[in-house]
$ cat model-v9.tsv   # TSV, C-alpha atoms
chain	number	residue	atom	x	y	z
A	954	MET	CA	20.32	-9.41	-32.24
A	955	SER	CA	21.44	-9.02	-35.79
A	956	ILE	CA	21.63	-5.36	-36.81
A	957	ARG	CA	21.54	-6.65	-40.36
A	958	HIS	CA	18.12	-8.22	-39.88
A	959	GLY	CA	16.90	-5.32	-37.79
A	960	LEU	CA	17.61	-2.95	-40.67
A	961	LEU	CA	16.01	-5.30	-43.19
A	962	ALA	CA	12.87	-5.48	-41.02
A	963	LEU	CA	12.72	-1.69	-40.87
A	964	LEU	CA	13.20	-1.38	-44.63
A	965	GLU	CA	10.33	-3.81	-45.13
A	966	ARG	CA	8.15	-0.95	-43.79
A	967	GLY	CA	9.37	1.30	-46.60
A	968	GLN	CA	12.33	3.24	-47.94
A	969	MET	CA	14.55	4.94	-45.36
A	970	TYR	CA	17.95	6.58	-45.16
A	971	GLY	CA	20.52	5.93	-42.44
A	972	TYR	CA	19.37	8.38	-39.78
A	973	GLN	CA	15.75	7.32	-40.24
A	974	LEU	CA	16.78	3.68	-39.80
A	975	ARG	CA	18.69	4.51	-36.63
A	976	ALA	CA	15.73	6.46	-35.20
A	977	ALA	CA	13.24	3.73	-36.13
A	978	PHE	CA	15.49	1.03	-34.63
A	979	GLU	CA	15.82	2.91	-31.35
A	980	GLU	CA	12.09	3.67	-31.27
A	981	SER	CA	11.25	0.00	-31.88
A	982	THR	CA	13.55	-1.15	-29.08
A	983	GLY	CA	12.72	1.71	-26.71
A	984	SER	CA	16.33	2.91	-26.96
A	985	THR	CA	17.36	-0.13	-24.93
A	986	TRP	CA	20.03	-0.86	-27.52
A	987	PRO	CA	21.57	2.39	-28.80
A	988	LEU	CA	22.69	2.06	-32.38
A	989	ASN	CA	25.72	3.97	-33.63
A	990	ILE	CA	25.11	5.69	-36.97
A	991	GLY	CA	28.42	4.26	-38.19
A	992	GLN	CA	27.04	0.74	-37.57
A	993	VAL	CA	24.00	1.64	-39.66
A	994	TYR	CA	26.01	2.78	-42.68
A	995	THR	CA	28.54	-0.06	-42.43
A	996	THR	CA	25.69	-2.57	-42.27
A	997	LEU	CA	23.88	-0.90	-45.18
A	998	ALA	CA	27.08	-1.16	-47.26
A	999	ARG	CA	27.29	-4.91	-46.53
A	1000	LEU	CA	23.59	-5.40	-47.26
A	1001	GLU	CA	24.04	-3.59	-50.57
A	1002	ARG	CA	27.14	-5.68	-51.40
A	1003	ASP	CA	25.13	-8.85	-50.66
A	1004	GLY	CA	22.22	-7.70	-52.84
A	1005	LEU	CA	19.76	-7.48	-49.93
A	1006	VAL	CA	19.12	-3.72	-50.25
A	1007	ARG	CA	19.60	-1.19	-53.02
A	1008	PRO	CA	20.37	2.50	-52.72
A	1009	LEU	CA	18.01	4.95	-54.35
A	1010	PRO	CA	18.91	8.35	-55.78
A	1011	GLU	CA	19.61	11.07	-53.25
A	1012	ASN	CA	16.61	13.15	-52.25
A	1013	GLU	CA	16.51	16.94	-52.40
A	1014	SER	CA	18.04	17.09	-48.89
A	1015	GLY	CA	21.05	15.05	-50.02
A	1016	GLN	CA	20.08	11.87	-48.17
A	1017	ARG	CA	20.26	8.53	-49.94
A	1018	PRO	CA	17.36	6.23	-49.02
A	1019	TYR	CA	17.57	2.46	-49.31
A	1020	GLU	CA	14.98	-0.14	-50.12
A	1021	ILE	CA	14.87	-3.87	-49.47
A	1022	THR	CA	15.25	-6.22	-52.44
A	1023	ASP	CA	13.44	-9.52	-53.04
A	1024	ALA	CA	16.59	-11.32	-51.85
A	1025	GLY	CA	16.49	-9.16	-48.72
A	1026	ARG	CA	12.85	-10.12	-48.12
A	1027	ALA	CA	13.73	-13.80	-48.47
A	1028	ASP	CA	16.65	-13.44	-46.05
A	1029	LEU	CA	14.43	-11.59	-43.57
A	1030	ALA	CA	11.67	-14.23	-43.83
A	1031	MET	CA	14.25	-16.95	-43.17
A	1032	TRP	CA	15.53	-15.06	-40.10
A	1033	PHE	CA	12.01	-14.72	-38.68
A	1034	ALA	CA	11.34	-18.43	-39.34
A	1035	THR	CA	14.58	-19.66	-37.72
A	1036	PRO	CA	14.82	-19.95	-33.92
A	1037	ILE	CA	17.77	-18.30	-32.22
A	1038	SER	CA	20.28	-20.92	-31.10
A	1039	ARG	CA	21.97	-20.64	-27.71
A	1040	ALA	CA	25.25	-21.10	-29.59
A	1041	ASP	CA	24.49	-18.02	-31.73
A	1042	ARG	CA	24.31	-15.73	-28.72
A	1043	PRO	CA	27.33	-13.80	-27.50
A	1044	ARG	CA	29.36	-15.27	-24.68
A	1045	ASP	CA	28.17	-14.43	-21.20
A	1046	GLU	CA	30.90	-12.14	-19.92
A	1047	LEU	CA	29.67	-12.29	-16.32
A	1048	SER	CA	29.87	-16.09	-16.04
A	1049	ILE	CA	33.32	-16.05	-17.65
A	1050	LYS	CA	34.41	-13.26	-15.28
A	1051	LEU	CA	33.29	-15.21	-12.20
A	1052	ALA	CA	34.88	-18.45	-13.42
A	1053	LEU	CA	38.18	-16.62	-13.90
A	1054	ALA	CA	37.84	-14.79	-10.57
A	1055	LEU	CA	37.58	-18.17	-8.84
A	1056	THR	CA	40.87	-19.30	-10.34
A	1057	THR	CA	42.82	-16.04	-10.13
A	1058	PRO	CA	44.88	-15.59	-6.97
A	1059	GLY	CA	44.07	-12.51	-4.92
A	1060	VAL	CA	40.56	-11.90	-6.28
A	1061	ASP	CA	37.77	-11.50	-3.72
A	1062	VAL	CA	35.09	-13.43	-5.59
A	1063	ARG	CA	32.41	-12.56	-3.04
A	1064	ALA	CA	33.11	-8.86	-3.66
A	1065	VAL	CA	32.85	-9.42	-7.41
A	1066	VAL	CA	29.47	-11.11	-6.93
A	1067	GLN	CA	28.22	-8.39	-4.58
A	1068	THR	CA	29.35	-5.57	-6.89
A	1069	GLN	CA	27.52	-7.22	-9.76
A	1070	ARG	CA	24.42	-7.83	-7.66
A	1071	THR	CA	24.27	-4.12	-6.76
A	1072	ALA	CA	24.55	-3.09	-10.41
A	1073	THR	CA	22.01	-5.72	-11.50
A	1074	MET	CA	19.50	-4.63	-8.88
A	1075	ARG	CA	19.86	-0.99	-9.98
A	1076	ALA	CA	19.24	-2.03	-13.58
A	1077	LEU	CA	16.19	-4.07	-12.54
A	1078	GLN	CA	14.75	-1.09	-10.66
A	1079	GLU	CA	15.31	1.18	-13.68
A	1080	PHE	CA	13.76	-1.30	-16.13
A	1081	THR	CA	10.76	-1.73	-13.83
A	1082	ARG	CA	10.35	2.04	-13.55
A	1083	LEU	CA	10.50	2.40	-17.34
A	1084	LYS	CA	7.90	-0.32	-17.79
A	1085	TYR	CA	5.22	1.82	-16.18
A	1086	THR	CA	5.96	5.06	-18.08
A	1087	SER	CA	3.64	4.23	-20.97
A	1088	ASP	CA	0.83	1.85	-21.75
A	1089	LYS	CA	-0.03	3.03	-25.27
A	1090	PRO	CA	-0.63	0.28	-27.86
A	1091	GLU	CA	2.11	1.68	-30.13
A	1092	ASP	CA	4.63	1.11	-27.30
A	1093	LEU	CA	4.07	-2.67	-27.29
A	1094	PRO	CA	7.32	-3.51	-29.18
A	1095	TRP	CA	9.32	-1.42	-26.71
A	1096	ARG	CA	7.51	-2.94	-23.71
A	1097	LEU	CA	8.20	-6.48	-24.96
A	1098	VAL	CA	11.92	-5.70	-25.29
A	1099	LEU	CA	11.85	-4.17	-21.83
A	1100	ASP	CA	10.04	-7.23	-20.41
A	1101	ALA	CA	12.76	-9.47	-21.87
A	1102	MET	CA	15.40	-7.31	-20.22
A	1103	ILE	CA	13.55	-7.49	-16.89
A	1104	PHE	CA	13.28	-11.29	-17.08
A	1105	GLN	CA	16.97	-11.61	-17.99
A	1106	THR	CA	17.94	-9.31	-15.12
A	1107	GLU	CA	15.78	-11.25	-12.66
A	1108	ALA	CA	17.43	-14.47	-13.86
A	1109	GLU	CA	20.85	-12.89	-13.32
A	1110	VAL	CA	19.91	-12.00	-9.72
A	1111	ARG	CA	18.81	-15.62	-9.13
A	1112	TRP	CA	22.06	-16.90	-10.65
A	1113	LEU	CA	24.09	-14.50	-8.46
A	1114	ASP	CA	22.19	-15.88	-5.43
A	1115	HIS	CA	23.17	-19.37	-6.54
A	1116	CYS	CA	26.81	-18.27	-6.93
A	1117	GLU	CA	26.84	-16.82	-3.43
A	1118	THR	CA	25.40	-20.04	-1.97
A	1119	SER	CA	27.97	-22.08	-3.88
A	1120	LEU	CA	30.78	-19.85	-2.62
A	1121	VAL	CA	29.70	-20.41	0.99
A	1122	ARG	CA	30.06	-24.16	0.43
A	1123	HIS	CA	33.26	-23.81	-1.60
A	1124	ARG	CA	36.59	-24.39	0.11
A	1125	PRO	CA	39.50	-23.51	-2.12
A	1126	ALA	CA	41.97	-26.31	-2.68
A	1127	PRO	CA	45.52	-25.65	-1.49
A	1128	ILE	CA	47.78	-24.19	-4.14
A	1129	ARG	CA	50.03	-26.89	-5.53
A	1130	ALA	CA	53.57	-26.15	-6.69
A	1131	VAL	CA	52.85	-27.77	-10.05
A	1132	ASP	CA	49.90	-25.44	-10.64
A	1133	HIS	CA	51.52	-22.24	-9.36
A	1134	PRO	CA	55.33	-22.56	-9.01
A	1135	GLU	CA	55.60	-18.79	-8.47
A	1136	ALA	CA	53.50	-19.11	-5.28
A	1137	VAL	CA	55.96	-21.66	-3.90
A	1138	ASP	CA	58.91	-19.38	-4.79
A	1139	ARG	CA	57.25	-16.46	-2.94
A	1140	ALA	CA	56.48	-18.65	0.08
A	1141	GLY	CA	60.08	-19.86	0.21
A	1142	ASP	CA	61.37	-16.28	-0.01
A	1143	GLU	CA	59.12	-15.22	2.88
A	1144	ALA	CA	60.19	-18.18	5.03
A	1145	ARG	CA	63.87	-17.33	4.52
A	1146	ARG	CA	63.35	-13.74	5.73

$ encode --input "model-v9.tsv" --output "structure tokens"
Amino acid sequence: MSIRHGLLALLERGQMYGYQLRAAFEESTGSTWPLNIGQVYTTLARLERDGLVRPLPENESGQRPYEITDAGRADLAMWFATPISRADRPRDELSIKLALALTTPGVDVRAVVQTQRTATMRALQEFTRLKYTSDKPEDLPWRLVLDAMIFQTEAEVRWLDHCETSLVRHRPAPIRAVDHPEAVDRAGDEARR
């Protein structure tokens, strides 16, 4: 998710200063995505530079609230109207990790899959437990974020099952000297001993 657009959406509710934005962001997402206060102020500075928010005078407590500009509202409306592209999402570290584990000598890929499955199942249990802690109407945004996390975690478990099945059928090809000359050198050294 774009922190930039998250902050713009919160400022559409009304003027807020950095700590209020952070608290509102975490409340809206059920603290499923902790936001560093430094990220808030860095993002606010960029939004101000781009003319999407404007700072207001400091209040009596010394905090400087921000408000969204018309350009910020237009940018926010465009974000809400535009679907998220699969290409816009961050790379999937787990799939990259498993692909590299398959091609890295000495890595027990089945152990990597099992370790991830254990962690994923723990996360799924925790998300499911959290889901039933509140059913108040004002918690709907948080519950929807939590539901998305549950569905993504369930999909990861299914994909890990698929990986395990594929590994059972997979027979590694012999290491060729062209691909790994160092393996041939080590084998020759061992044979000479």

$ closest_residue --input "model-v9.tsv" --among "A:Val1110, A:Leu964, A:Leu1053, A:Ala977" --to "Trp1095 of chain A" --atoms "only C-alpha atoms"
A:Ala977

$ closest_residue --input "model-v9.tsv" --among "A:Thr1081, A:Gln1016, A:Thr1086, A:Gln1067" --to "Gln973 of chain A" --atoms "all atoms listed in the file"
A:Gln1016

$ closest_residue --input "model-v9.tsv" --among "A:Val1098, A:Ala1108, A:Leu1009, A:Val1065" --to "Glu979 of chain A" --atoms "all atoms listed in the file"
A:Val1098

$ closest_residue --input "model-v9.tsv" --among "A:Asp1061, A:Glu980, A:Asp1100, A:Glu1020" --to "Leu997 of chain A" --atoms "all atoms listed in the file"
A:Glu1020

$ closest_residue --input "model-v9.tsv" --among "A:Pro1094, A:Ser981, A:Ser1014, A:Thr1022" --to "Arg1002 of chain A" --atoms "all atoms listed in the file"
A:Thr1022

$ closest_residue --input "model-v9.tsv" --among "A:Lys1089, A:Arg966, A:Arg1075, A:Arg975" --to "Thr1106 of chain A" --atoms "only C-alpha atoms"
A:Arg1075

$ residues_around --input "model-v9.tsv" --residues "Arg1082 of chain A" --least-positions-apart "5" --cutoff "12 Å" --atoms "all atoms listed in the file" --output "MDAnalysis selection string"
chainID A and resid 1075:1077 1087 1096 1099:1100 1103

$ write_last_selection --input "model-v9.tsv" --atoms "C-alpha atoms" --output "PDB file, keeping the file's coordinate frame"
ATOM      1  CA  ARG A1075      19.860  -0.990  -9.980  1.00  0.00           C
ATOM      2  CA  ALA A1076      19.240  -2.030 -13.580  1.00  0.00           C
ATOM      3  CA  LEU A1077      16.190  -4.070 -12.540  1.00  0.00           C
ATOM      4  CA  SER A1087       3.640   4.230 -20.970  1.00  0.00           C
ATOM      5  CA  ARG A1096       7.510  -2.940 -23.710  1.00  0.00           C
ATOM      6  CA  LEU A1099      11.850  -4.170 -21.830  1.00  0.00           C
ATOM      7  CA  ASP A1100      10.040  -7.230 -20.410  1.00  0.00           C
ATOM      8  CA  ILE A1103      13.550  -7.490 -16.890  1.00  0.00           C
TER       9      ILE A1103
END

$ atom_distance --input "model-v9.tsv" --atom1 "atom CA of Lys1084 of chain A" --atom2 "atom CA of Trp986 of chain A"
15.6 Å

$ residues_around --input "model-v9.tsv" --residues "Pro1018 of chain A" --least-positions-apart "6" --cutoff "8 Å" --atoms "all atoms listed in the file" --output "compact mmCIF listing (two decimals) with C-alpha atoms, in the coordinates of the input"
# COMPACT_ATOMS: atom_id res chain seq x y z
CA GLN A 968 12.33 3.24 -47.94
CA MET A 969 14.55 4.94 -45.36
CA TYR A 970 17.95 6.58 -45.16
CA GLY A 971 20.52 5.93 -42.44
CA PRO A 1008 20.37 2.50 -52.72
CA LEU A 1009 18.01 4.95 -54.35
CA PRO A 1010 18.91 8.35 -55.78
CA GLU A 1011 19.61 11.07 -53.25
CA ASN A 1012 16.61 13.15 -52.25

$ atom_distance --input "model-v9.tsv" --atom1 "atom CA of Leu961 of chain A" --atom2 "atom CA of Leu1005 of chain A"
8.0 Å

$ residues_around --input "model-v9.tsv" --residues "Arg1111 of chain A" --least-positions-apart "5" --cutoff "12 Å" --atoms "all atoms listed in the file" --output "list in words"
Val1066, Arg1070, Thr1073, Met1074, Phe1104, Gln1105, Thr1106, Cys1116, Glu1117 and Thr1118 of chain A

$ write_last_selection --input "model-v9.tsv" --atoms "C-alpha atoms" --output "JSON list (two decimals), in the coordinates of the input"
[["chain", "number", "residue", "atom", "x", "y", "z"],
["A", 1066, "VAL", "CA", 29.47, -11.11, -6.93],
["A", 1070, "ARG", "CA", 24.42, -7.83, -7.66],
["A", 1073, "THR", "CA", 22.01, -5.72, -11.50],
["A", 1074, "MET", "CA", 19.50, -4.63, -8.88],
["A", 1104, "PHE", "CA", 13.28, -11.29, -17.08],
["A", 1105, "GLN", "CA", 16.97, -11.61, -17.99],
["A", 1106, "THR", "CA", 17.94, -9.31, -15.12],
["A", 1116, "CYS", "CA", 26.81, -18.27, -6.93],
["A", 1117, "GLU", "CA", 26.84, -16.82, -3.43],
["A", 1118, "THR", "CA", 25.40, -20.04, -1.97]]

$ atom_distance --input "model-v9.tsv" --atom1 "atom CA of Thr1035 of chain A" --atom2 "atom CA of Met1102 of chain A"
21.4 Å

$ residues_near_point --input "model-v9.tsv" --point "(28.6, -21.0, -12.5)" --cutoff "9 Å" --atoms "all atoms listed in the file" --output "list of chain:residue names"
A:Ser1048, A:Ile1049, A:Leu1051, A:Ala1052, A:Trp1112, A:Leu1113, A:His1115, A:Cys1116, A:Ser1119

$ axis_aligned_box --input "model-v9.tsv" --around "segment 1049-1059 of chain A" --padding-each-side "3 Å" --output "AutoDock Vina command-line options"
--center_x 39.1 --center_y -15.9 --center_z -11.3 --size_x 17.6 --size_y 12.8 --size_z 18.7
